[in-house]
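protein20.cif, holding mmCIF, C-alpha atoms:
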data_my_file
#
loop_
_atom_site.label_atom_id
_atom_site.label_comp_id
_atom_site.auth_asym_id
_atom_site.auth_seq_id
_atom_site.Cartn_x
_atom_site.Cartn_y
_atom_site.Cartn_z
CA MET A 120 127.82 56.62 220.89
CA ALA A 121 126.31 54.09 218.52
CA SER A 122 123.07 52.51 219.61
CA ILE A 123 121.89 49.00 218.79
CA ASN A 124 118.46 47.47 218.45
CA LYS A 125 116.75 44.57 216.76
CA ARG A 126 113.39 43.78 215.33
CA PRO A 127 111.16 41.39 217.31
CA GLU A 128 111.28 38.76 214.57
CA SER A 129 115.07 38.96 214.09
CA LYS A 130 118.05 37.63 216.04
CA ILE A 131 120.51 40.05 214.41
CA TRP A 132 121.27 43.40 216.02
CA GLN A 133 121.16 46.59 213.96
CA CYS A 134 123.32 49.61 214.78
CA GLN A 135 122.61 53.31 214.36
CA PHE A 136 124.72 56.45 214.77
CA TYR A 137 125.08 59.97 213.36
CA LEU A 138 127.94 61.56 211.42
CA THR A 139 128.63 65.27 210.99
CA ASP A 140 130.49 66.48 207.91
CA PRO A 141 133.28 68.79 209.20
CA LYS A 142 133.14 70.91 206.03
CA THR A 143 129.41 71.42 205.55
CA GLY A 144 128.07 70.69 209.01
CA GLU A 145 125.49 68.35 207.52
CA VAL A 146 124.38 65.50 209.75
CA SER A 147 123.67 62.06 208.29
CA LYS A 148 122.24 58.97 209.94
CA VAL A 149 123.90 55.59 209.43
CA ARG A 150 121.94 52.37 209.93
CA LYS A 151 123.64 49.03 209.32
CA SER A 152 123.34 45.39 210.32
CA THR A 153 126.02 44.21 212.71
CA GLY A 154 125.65 40.63 211.57
CA CYS A 155 125.80 39.61 215.25
CA SER A 156 123.22 37.90 217.42
CA ASN A 157 125.30 38.49 220.58
CA LYS A 158 124.46 41.90 222.08
CA LYS A 159 127.94 42.56 223.48
CA LEU A 160 129.69 41.72 220.20
CA ALA A 161 127.11 43.75 218.29
CA GLN A 162 127.83 46.84 220.45
CA GLN A 163 131.58 46.40 219.92
CA PHE A 164 131.05 46.15 216.16
CA ALA A 165 128.83 49.27 216.17
CA ASP A 166 131.35 51.33 218.17
CA GLU A 167 134.22 50.25 215.90
CA LEU A 168 132.20 51.06 212.78
CA GLU A 169 131.29 54.49 214.16
CA ARG A 170 134.95 55.28 214.95
CA ASN A 171 136.04 54.20 211.46
CA ARG A 172 133.35 56.26 209.77
CA LYS A 173 134.18 59.37 211.81
CA ALA A 174 137.90 58.98 211.03
CA VAL A 175 137.18 58.68 207.33
CA MET A 176 134.84 61.67 207.44
CA ALA A 177 137.52 63.84 209.05
CA ALA A 178 140.20 63.17 206.42
CA GLY A 179 140.74 63.60 202.69
CA SER A 180 138.65 64.72 199.73
CA ASP A 181 135.01 63.87 199.29
CA ARG A 182 135.83 61.05 196.86
CA ALA A 183 138.60 59.75 199.11
CA GLN A 184 136.21 59.78 202.04
CA ARG A 185 133.68 57.70 200.14
CA ALA A 186 136.39 55.27 199.04
CA LYS A 187 137.55 54.85 202.63
CA LEU A 188 133.96 54.28 203.74
CA ILE A 189 133.65 51.47 201.18
CA LEU A 190 136.90 49.92 202.38
CA ALA A 191 135.85 50.29 206.01
CA ASP A 192 132.66 48.36 205.28
CA ALA A 193 134.70 45.69 203.50
CA VAL A 194 137.00 45.36 206.52
CA ALA A 195 133.96 45.00 208.76
CA GLU A 196 132.69 42.15 206.57
CA ILE A 197 136.08 40.43 206.83
CA GLU A 198 136.03 40.72 210.62
CA ARG A 199 132.55 39.21 210.71
CA GLU A 200 133.74 36.44 208.38
CA THR A 201 131.01 37.25 205.89
CA PHE A 202 133.39 38.36 203.12
CA THR A 203 132.83 36.18 200.03
CA ALA A 204 133.59 36.33 196.31
CA PRO A 205 130.22 38.04 195.53
CA THR A 206 130.91 40.47 198.39
CA ALA A 207 134.35 41.27 196.97
CA ARG A 208 132.86 41.96 193.52
CA ARG A 209 130.25 44.23 195.07
CA TYR A 210 132.85 46.38 196.86
CA LEU A 211 135.15 46.38 193.83
CA SER A 212 132.25 47.53 191.69
CA LYS A 213 131.56 50.41 194.10
CA LEU A 214 135.21 51.49 194.05
CA LEU A 215 135.45 51.28 190.26
CA GLN A 216 132.28 53.32 189.81
CA LEU A 217 133.56 55.92 192.29
CA ALA A 218 136.95 56.17 190.55
CA THR A 219 135.93 56.04 186.87
CA GLY A 220 132.15 56.03 186.68
CA GLU A 221 132.32 52.62 185.04
CA ILE A 222 130.00 49.89 186.26
CA LEU A 223 131.64 46.51 186.78
CA GLU A 224 129.42 43.87 185.21
CA GLU A 225 128.87 40.75 187.25
CA TRP A 226 128.67 37.77 184.90
CA THR A 227 127.19 34.42 185.85
CA ILE A 228 128.01 31.24 183.95
CA GLU A 229 124.63 31.45 182.23
CA SER A 230 124.64 35.17 181.40
CA TRP A 231 128.18 35.04 179.95
CA ALA A 232 127.33 31.93 177.88
CA ILE A 233 124.35 33.82 176.43
CA GLU A 234 126.53 36.87 175.72
CA TRP A 235 129.20 34.66 174.10
CA LEU A 236 126.59 33.11 171.81
CA ARG A 237 125.30 36.56 170.87
CA ARG A 238 128.78 37.71 169.89
CA LYS A 239 129.57 34.53 167.95
CA SER A 240 126.32 34.81 165.98
CA ARG A 241 127.68 37.87 164.19
CA ASP A 242 130.41 35.89 162.41
CA SER A 243 129.27 32.25 162.45
CA SER A 244 126.98 30.28 160.15
CA LYS A 245 123.60 28.93 161.27
CA ALA A 246 124.99 25.40 161.42
CA THR A 247 127.93 26.48 163.57
CA MET A 248 125.66 28.50 165.85
CA ALA A 249 123.35 25.50 166.25
CA ARG A 250 126.36 23.48 167.40
CA TYR A 251 127.55 26.18 169.81
CA LYS A 252 124.08 26.50 171.34
CA CYS A 253 123.65 22.73 171.65
CA HIS A 254 126.96 22.39 173.49
CA THR A 255 126.52 25.37 175.82
CA ASP A 256 122.93 24.35 176.57
CA ALA A 257 124.21 20.90 177.53
CA LEU A 258 126.64 22.42 180.03
CA LEU A 259 123.99 24.72 181.54
CA ALA A 260 121.50 21.85 181.80
CA TRP A 261 124.09 19.75 183.61
CA LEU A 262 124.79 22.59 186.05
CA GLY A 263 121.09 23.02 186.86
CA ASP A 264 119.01 26.11 187.57
CA GLU A 265 120.91 27.15 190.69
CA ARG A 266 124.55 26.57 189.74
CA ARG A 267 124.27 28.13 186.29
CA LYS A 268 123.46 31.44 188.00
CA ARG A 269 126.64 31.39 190.07
CA PRO A 270 129.61 33.65 189.22
CA LEU A 271 131.47 32.81 186.02
CA GLU A 272 134.70 32.01 187.84
CA SER A 273 132.95 29.46 190.09
CA LEU A 274 133.17 26.71 187.44
CA THR A 275 136.14 24.52 188.39
CA SER A 276 138.33 22.02 186.58
CA GLN A 277 136.58 19.29 188.56
CA ASP A 278 133.23 20.51 187.22
CA ALA A 279 134.57 20.42 183.67
CA ARG A 280 135.88 16.89 184.18
CA ARG A 281 132.64 15.61 185.67
CA TRP A 282 130.59 17.12 182.87
CA ARG A 283 132.86 15.49 180.28
CA GLU A 284 132.58 12.13 182.04
CA GLY A 285 128.80 12.48 181.94
CA LEU A 286 128.94 13.04 178.18
CA GLN A 287 131.10 9.94 177.79
CA ASP A 288 128.86 7.83 180.05
CA ALA A 289 125.86 8.87 177.95
CA GLY A 290 127.51 7.12 174.99
CA ARG A 291 128.79 10.02 172.93
CA SER A 292 131.86 9.26 170.84
CA GLY A 293 135.29 10.64 171.70
CA LYS A 294 135.27 13.23 168.89
CA THR A 295 131.78 14.38 169.84
CA VAL A 296 132.80 14.81 173.49
CA LEU A 297 135.89 16.68 172.30
CA ALA A 298 133.70 19.07 170.31
CA TYR A 299 131.49 19.74 173.36
CA THR A 300 134.42 20.57 175.63
CA LYS A 301 136.20 22.60 172.95
CA ASP A 302 133.18 24.87 172.50
CA ALA A 303 132.60 25.17 176.26
CA GLY A 304 136.28 26.05 176.62
CA GLY A 305 135.74 28.75 173.98
CA VAL A 306 133.28 30.44 176.33
CA PHE A 307 136.05 30.78 178.94
CA ARG A 308 138.77 31.70 176.44
CA ALA A 309 136.68 34.71 175.48
CA ALA A 310 136.15 35.55 179.16
CA ILE A 311 139.93 35.49 179.75
CA ARG A 312 140.45 37.92 176.85
CA GLU A 313 137.87 40.21 178.44
CA GLY A 314 139.66 40.01 181.78
CA LEU A 315 136.59 38.51 183.46
CA VAL A 316 138.37 35.36 184.66
CA SER A 317 141.99 34.31 184.89
CA PHE A 318 141.58 30.57 184.34
CA ASN A 319 139.91 28.29 181.80
CA PRO A 320 138.70 25.14 183.63
CA PHE A 321 138.73 23.13 180.38
CA THR A 322 142.45 23.59 179.68
CA SER A 323 143.42 21.20 182.47
CA LEU A 324 141.47 18.25 181.04
CA ASP A 325 143.50 15.26 179.88
CA VAL A 326 143.41 14.17 176.26
CA ILE A 327 140.68 11.58 175.68
CA ASP A 328 140.59 8.56 173.39
CA THR A 329 138.82 9.27 170.09
CA SER A 330 139.41 5.87 168.50
CA ASP A 331 135.72 5.02 168.99
CA SER A 332 134.72 7.80 166.58
CA LEU A 333 133.87 6.96 162.99
CA ASP A 334 135.92 8.46 160.18
CA ARG A 335 134.12 9.27 156.97
CA LYS A 336 135.10 7.08 154.03
CA PRO A 337 135.06 8.08 150.34
CA PHE A 338 133.32 6.24 147.53
CA THR A 339 135.17 4.65 144.64
CA GLY A 340 134.51 5.76 141.06
CA GLU A 341 132.56 2.55 140.41
CA GLU A 342 130.37 3.18 143.47
CA VAL A 343 129.58 6.75 142.37
CA ALA A 344 128.53 5.38 138.97
CA LEU A 345 126.24 2.86 140.70
CA LEU A 346 124.69 5.60 142.84
CA MET A 347 123.92 7.66 139.73
CA LYS A 348 122.48 4.62 137.98
CA HIS A 349 120.06 3.96 140.85
CA ALA A 350 119.16 7.62 141.42
CA PRO A 351 115.34 7.99 141.70
CA SER A 352 115.21 10.99 139.33
CA GLU A 353 117.26 12.98 136.86
CA GLU A 354 117.65 15.72 139.45
CA TRP A 355 119.06 13.22 141.94
CA ARG A 356 121.49 11.99 139.31
CA GLY A 357 122.64 15.56 138.79
CA LEU A 358 122.89 16.19 142.53
CA ILE A 359 125.17 13.17 143.03
CA LEU A 360 127.25 14.21 140.03
CA THR A 361 127.54 17.76 141.36
CA ALA A 362 128.66 16.69 144.82
CA ALA A 363 131.19 14.19 143.44
CA PHE A 364 132.84 16.74 141.14
CA THR A 365 132.59 19.89 143.29
CA GLY A 366 132.78 18.57 146.86
CA LEU A 367 129.82 20.77 147.84
CA ARG A 368 127.94 19.83 151.00
CA LEU A 369 124.39 18.52 150.67
CA GLY A 370 122.74 21.86 151.53
CA ASP A 371 124.87 23.86 149.09
CA ALA A 372 124.63 21.29 146.31
CA SER A 373 120.84 20.86 146.54
CA LYS A 374 120.25 24.64 146.55
CA LEU A 375 122.79 25.45 143.83
CA SER A 376 121.40 28.26 141.66
CA TRP A 377 122.01 29.02 138.00
CA GLN A 378 123.41 32.36 139.15
CA SER A 379 126.41 30.45 140.52
CA VAL A 380 126.92 28.49 137.29
CA ASP A 381 128.86 30.07 134.43
CA LEU A 382 128.56 27.62 131.55
CA GLU A 383 130.57 29.81 129.20
CA ALA A 384 133.51 30.06 131.60
CA LYS A 385 132.84 26.47 132.77
CA ARG A 386 132.98 27.50 136.40
CA ILE A 387 130.83 27.32 139.54
CA THR A 388 131.29 30.24 141.95
CA LEU A 389 129.59 30.51 145.34
CA VAL A 390 130.05 31.19 149.02
CA PRO A 391 129.32 27.95 150.94
CA SER A 392 126.71 28.36 153.68
CA LYS A 393 129.20 27.20 156.32
CA THR A 394 131.49 30.15 155.56
CA LYS A 395 128.80 32.64 154.53
CA LYS A 396 129.55 35.03 157.41
CA LYS A 397 133.25 35.04 156.47
CA LYS A 398 132.37 35.50 152.78
CA ARG A 399 134.91 32.86 151.75
CA GLU A 400 134.14 32.24 148.09
CA VAL A 401 135.06 29.07 146.19
CA ARG A 402 135.54 28.81 142.44
CA ILE A 403 135.35 25.33 141.00
CA PRO A 404 136.00 24.55 137.31
CA ILE A 405 133.20 22.34 135.95
CA GLN A 406 134.28 18.78 135.16
CA SER A 407 133.27 17.47 131.71
CA ASP A 408 130.59 14.97 132.87
CA LEU A 409 128.99 17.60 135.09
CA LEU A 410 129.20 20.18 132.29
CA ALA A 411 127.33 17.84 129.92
CA TYR A 412 124.58 17.38 132.54
CA LEU A 413 124.23 21.12 133.17
CA LEU A 414 124.12 21.95 129.45
CA ALA A 415 121.25 19.49 129.01
CA ALA A 416 119.39 20.44 132.22
CA PRO A 417 116.16 22.42 131.77
CA VAL A 418 115.93 25.90 133.31
CA ALA A 419 112.38 26.07 134.68
CA ASP A 420 112.69 29.69 135.79
CA ASP A 421 114.47 32.48 133.99
CA THR A 422 115.33 34.39 137.17
CA PRO A 423 119.08 34.44 137.98
CA ASN A 424 118.67 32.67 141.32
CA ALA A 425 116.54 29.83 139.94
CA PRO A 426 117.69 26.49 141.44
CA VAL A 427 119.47 23.94 139.27
CA PHE A 428 117.51 21.22 141.09
CA PRO A 429 114.10 22.89 141.65
CA SER A 430 112.27 19.98 143.29
CA LEU A 431 115.20 18.98 145.55
CA ALA A 432 115.86 22.59 146.61
CA LYS A 433 112.47 22.60 148.37
CA LEU A 434 113.27 19.58 150.55
CA LYS A 435 114.86 19.64 153.98
CA ILE A 436 117.99 17.66 154.73
CA GLY A 437 117.07 15.86 157.94
CA ASP A 438 113.38 14.96 157.62
CA ARG A 439 112.26 11.34 157.34
CA ALA A 440 111.55 11.97 153.68
CA GLY A 441 114.41 14.46 153.41
CA LEU A 442 117.48 14.46 151.23
CA SER A 443 119.78 12.58 153.60
CA GLN A 444 117.40 9.66 154.13
CA THR A 445 116.61 9.49 150.42
CA PHE A 446 120.31 9.20 149.64
CA ASN A 447 120.60 6.33 152.13
CA LYS A 448 117.89 4.55 150.17
CA VAL A 449 119.81 5.19 146.95
CA MET A 450 122.87 3.56 148.53
CA GLN A 451 120.76 0.57 149.53
CA ALA A 452 119.30 0.24 146.03
CA ALA A 453 122.78 0.45 144.51
CA SER A 454 124.16 -2.11 147.02
CA VAL A 455 126.79 0.43 148.11
CA ASP A 456 127.91 -0.34 151.63
CA ARG A 457 127.31 2.37 154.25
CA GLY A 458 130.27 1.12 156.30
CA LYS A 459 130.48 0.56 160.02
CA PRO A 460 127.77 2.02 162.29
CA SER A 461 128.59 4.05 165.37
CA ARG A 462 126.92 1.33 167.45
CA ASP A 463 126.60 -2.39 166.81
CA ILE A 464 122.82 -2.61 166.43
CA GLU A 465 122.80 -6.30 165.48
CA ALA A 466 124.64 -7.16 168.69
CA GLY A 467 121.99 -5.29 170.66
CA GLU A 468 124.30 -2.45 171.65
CA THR A 469 122.15 0.34 173.07
CA ARG A 470 124.88 2.58 174.42
CA GLY A 471 124.72 5.99 172.83
CA ALA A 472 122.98 9.30 173.43
CA GLY A 473 122.67 10.31 169.79
CA ARG A 474 121.54 8.83 166.52
CA VAL A 475 123.36 5.97 164.82
CA THR A 476 125.78 7.22 162.18
CA TYR A 477 127.70 5.36 159.48
CA GLU A 478 131.07 5.72 157.83
CA ARG A 479 129.52 6.62 154.50
CA GLY A 480 126.67 8.91 153.49
CA PHE A 481 126.13 11.88 151.20
CA HIS A 482 128.98 13.79 152.86
CA SER A 483 131.30 11.01 151.67
CA LEU A 484 131.02 12.54 148.20
CA ARG A 485 132.97 15.53 149.55
CA HIS A 486 135.62 13.10 150.76
CA THR A 487 135.51 11.44 147.33
CA PHE A 488 136.10 14.72 145.51
CA THR A 489 139.03 15.67 147.75
CA SER A 490 140.59 12.21 147.52
CA TRP A 491 140.30 12.15 143.73
CA LEU A 492 142.15 15.47 143.60
CA ARG A 493 144.88 14.14 145.88
CA ASN A 494 145.31 10.93 143.95
CA ALA A 495 145.46 12.93 140.71
CA GLY A 496 148.48 14.78 142.08
CA VAL A 497 146.72 18.13 142.73
CA SER A 498 148.69 20.13 145.31
CA GLU A 499 147.30 20.54 148.80
CA GLU A 500 147.09 24.31 148.36
CA ASP A 501 144.94 23.95 145.23
CA ARG A 502 142.81 21.26 146.87
CA MET A 503 142.11 23.59 149.80
CA SER A 504 141.11 26.37 147.40
CA LEU A 505 138.64 24.08 145.63
CA THR A 506 137.10 22.69 148.82
CA GLY A 507 137.11 25.96 150.73
CA HIS A 508 139.11 24.57 153.65
CA SER A 509 140.99 27.24 155.61
CA THR A 510 143.29 24.94 157.60
CA ARG A 511 145.43 21.94 156.70
CA GLU A 512 144.10 20.12 159.77
CA SER A 513 140.50 20.15 158.55
CA HIS A 514 141.51 19.46 154.95
CA GLN A 515 143.55 16.36 155.80
CA ILE A 516 140.42 14.70 157.20
CA TYR A 517 139.03 14.64 153.64
CA SER A 518 142.15 13.52 151.79
CA HIS A 519 142.23 9.73 151.47
CA ALA A 520 144.99 8.03 149.53
CA ASP A 521 143.86 5.44 146.97
CA GLU A 522 145.38 2.00 147.62
CA SER A 523 146.44 1.58 143.99
CA ALA A 524 148.22 4.95 144.13
CA LEU A 525 150.06 3.82 147.25
CA ARG A 526 151.07 0.58 145.52
CA GLU A 527 152.45 2.59 142.58
CA ALA A 528 154.39 4.73 145.06
CA ILE A 529 155.91 1.66 146.73
CA ALA A 530 156.74 0.19 143.33
CA LYS A 531 158.94 3.19 142.63
CA LEU A 532 161.25 2.30 145.51
CA PRO A 533 164.61 0.83 144.46
CA SER A 534 165.30 -2.89 144.71
CA LEU A 535 168.10 -4.16 146.94
#
Full structure transcribed into structure tokens:
Amino acid sequence: MASINKRPESKIWQCQFYLTDPKTGEVSKVRKSTGCSNKKLAQQFADELERNRKAVMAAGSDRAQRAKLILADAVAEIERETFTAPTARRYLSKLLQLATGEILEEWTIESWAIEWLRRKSRDSSKATMARYKCHTDALLAWLGDERRKRPLESLTSQDARRWREGLQDAGRSGKTVLAYTKDAGGVFRAAIREGLVSFNPFTSLDVIDTSDSLDRKPFTGEEVALLMKHAPSEEWRGLILTAAFTGLRLGDASKLSWQSVDLEAKRITLVPSKTKKKKREVRIPIQSDLLAYLLAAPVADDTPNAPVFPSLAKLKIGDRAGLSQTFNKVMQAASVDRGKPSRDIEAGETRGAGRVTYERGFHSLRHTFTSWLRNAGVSEEDRMSLTGHSTRESHQIYSHADESALREAIAKLPSL
């Protein structure tokens, strides 16, 4: 008969009994908590557990016996009302290991987010990884030290909604909030593919209003000419010219090397940093104004990877004295309007978690290049090849129709 006892400092009774293997005659001692503080209930639990264990021991193969022992313990937990999701995973892990030798990993929200980032880093650019990490870190910070260590499937749709509302209340624009939730949803989409969870809490979120987000605007040809005229150096003039006629992003344009420039073939060939991991190469024929600049530009270093803009290639993009801020000063000197800000500073609007952004900046030159191609009648397929866009959705953001071109289109309509 099973015996029960308890430690002086504990209210919970422990049970103890002995089992004899009918095949080998070996005797083993079983000690287990009853989970009961009532002595009578504890004795009943101990006797029931002993009967179950003896019945399992008397039947089936060794592996079947061990499986039945695991299930018997699980049933005992259910009867004591201590069976929880972590408990279920623990017993399932024991059964899986017994059956196949495979260990069932137990992922928390935090550990799976870290694993997801590790996997994404193999195929994503540094800029994309910085965004992923920023967005997942924001979710983990909102959850706090305790909740982030809970099982992966514990995150609910209500949690996802509350986190999104917090992002909105902090003043982030609709498109920014959308990017946060899209990336967080990516964490769970990957978990579903792995079979770790069956539900993505972010898929149930309603569509949010993104009309408060700023759309980038292109420059006109006259404005680009003014920017070049007020450029603080010859290198800056060349950088503006390069971006306007290649659509390269600021980082790629400023670090353009002579190795990527084929003056004889009149072509620039490179893999943009944003798609470096995917090795998506772009080949851009050199426009005549840009060709004239490159032919006259000095080559300070005869190594193949020497930068076209040696002094600008050393500068960072986001510093106070970096390339982005310098370009803003060029716009101011040229009296080229930066467009609407993300917040009305003059009206004293302080709402907003991030920095103030404007409709136009250096990246607008990429919009300018794409829009010029569209207005010149270049097909969307060819435009996407030149800009390196892989989807129509992302490309359409950069294609702006010129008002005069639209007027000409309307003028072609028949008169009634």
Each residue of range 336-371 of chain A lying at most 8 Å from range 389-393 of chain A should get a row with its shortest atom-to-atom pair and the distance in Å to one decimal, counting only C-alpha atoms; could you produce that, ordered by chain and increasing number, as CSV?
residue,atom,partner,partner_atom,distance
A:Leu367,CA,A:Pro391,CA,7.8
A:Gly370,CA,A:Ser392,CA,7.9
A:Asp371,CA,A:Pro391,CA,6.3
Query raised in the report: In Å, how far is it from CA of Asp334 in chain A to CA of Arg250 in chain A?
Result: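 CA of Arg250 in chain A lies at a distance of 19.2 Å from CA of Asp334 in chain A.
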**Report entry** Surrounding residues of range 313-322 of chain A excluding itself and chain neighbours under 4 positions, 10 Å, all atoms listed in the file, as a PyMOL selection string
**Finding:** chain A and resi 223-226+231+271-280+283+300-309
**Report entry** Answer key for the PyMOL selection byres ((chain A and resi 337) around 12), residues as number ranges by chain
**Finding:** A: 334-336, 338-343, 363, 366, 455-458, 478-491, 516-521
Nearby residues (only C-alpha atoms) at most 6 Å from range 398-410 of chain A, same-chain spacing under 5 positions excluded, as a JSON list (two decimals) with C-alpha atoms, keeping the file's coordinate frame:
[["chain", "number", "residue", "atom", "x", "y", "z"],
["A", 385, "LYS", "CA", 132.84, 26.47, 132.77],
["A", 386, "ARG", "CA", 132.98, 27.50, 136.40],
["A", 387, "ILE", "CA", 130.83, 27.32, 139.54],
["A", 388, "THR", "CA", 131.29, 30.24, 141.95],
["A", 389, "LEU", "CA", 129.59, 30.51, 145.34],
["A", 390, "VAL", "CA", 130.05, 31.19, 149.02],
["A", 505, "LEU", "CA", 138.64, 24.08, 145.63],
["A", 507, "GLY", "CA", 137.11, 25.96, 150.73]]
Query raised in the report: So which residues get picked by the PyMOL selection byres ((chain A and resi 355) around 10) here, written as number ranges by chain?
Result: A: 346-347, 349-354, 356-361, 373, 428, 430-431, 442, 445-446, 449
Report task. Pull out every residue that the PyMOL selection byres ((chain A and resi 150-153) around 9) matches in the shown coordinates and put them as a PyMOL selection string. Result -> chain A and resi 123+131-137+148-149+154-156+160-162+164-165+195+199
Report task. Compare A:Gln451, A:Ser323, A:Gln216, A:Thr247 by their minimum atom-to-atom distance to Ala298 in chain A, counting only C-alpha atoms, and give me the closest one. Result -> A:Thr247
Report task. Mind giving me the straight-line distance from CA of Arg238 in chain A to CA of Gly437 in chain A in Å, one decimal? Result ->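 Computed distance, CA of Arg238 in chain A to CA of Gly437 in chain A, equals 27.5 Å.
Interatomic distance, CA of Glu512 in chain A to CA of Glu284 in chain A: 26.3 Å.
With distances restricted to only C-alpha atoms, A:Lys173 is the closest residue to Ser147 in chain A from A:Lys125, A:Arg502, A:Lys159, A:Lys173.
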Please give the centre and size of the box around range 130-145 of chain A (axis-aligned, containing every atom listed in the file, 8 Å added per side), with values in Å to one decimal and written as JSON.
{"center_x": 125.7, "center_y": 54.5, "center_z": 210.8, "size_x": 31.2, "size_y": 49.8, "size_z": 26.5}
Query raised in the report: Which one is closest to Leu190 in chain A: A:Tyr299, A:Phe202, A:Tyr210, A:Phe364? Count only C-alpha atoms.
Result: A:Tyr210
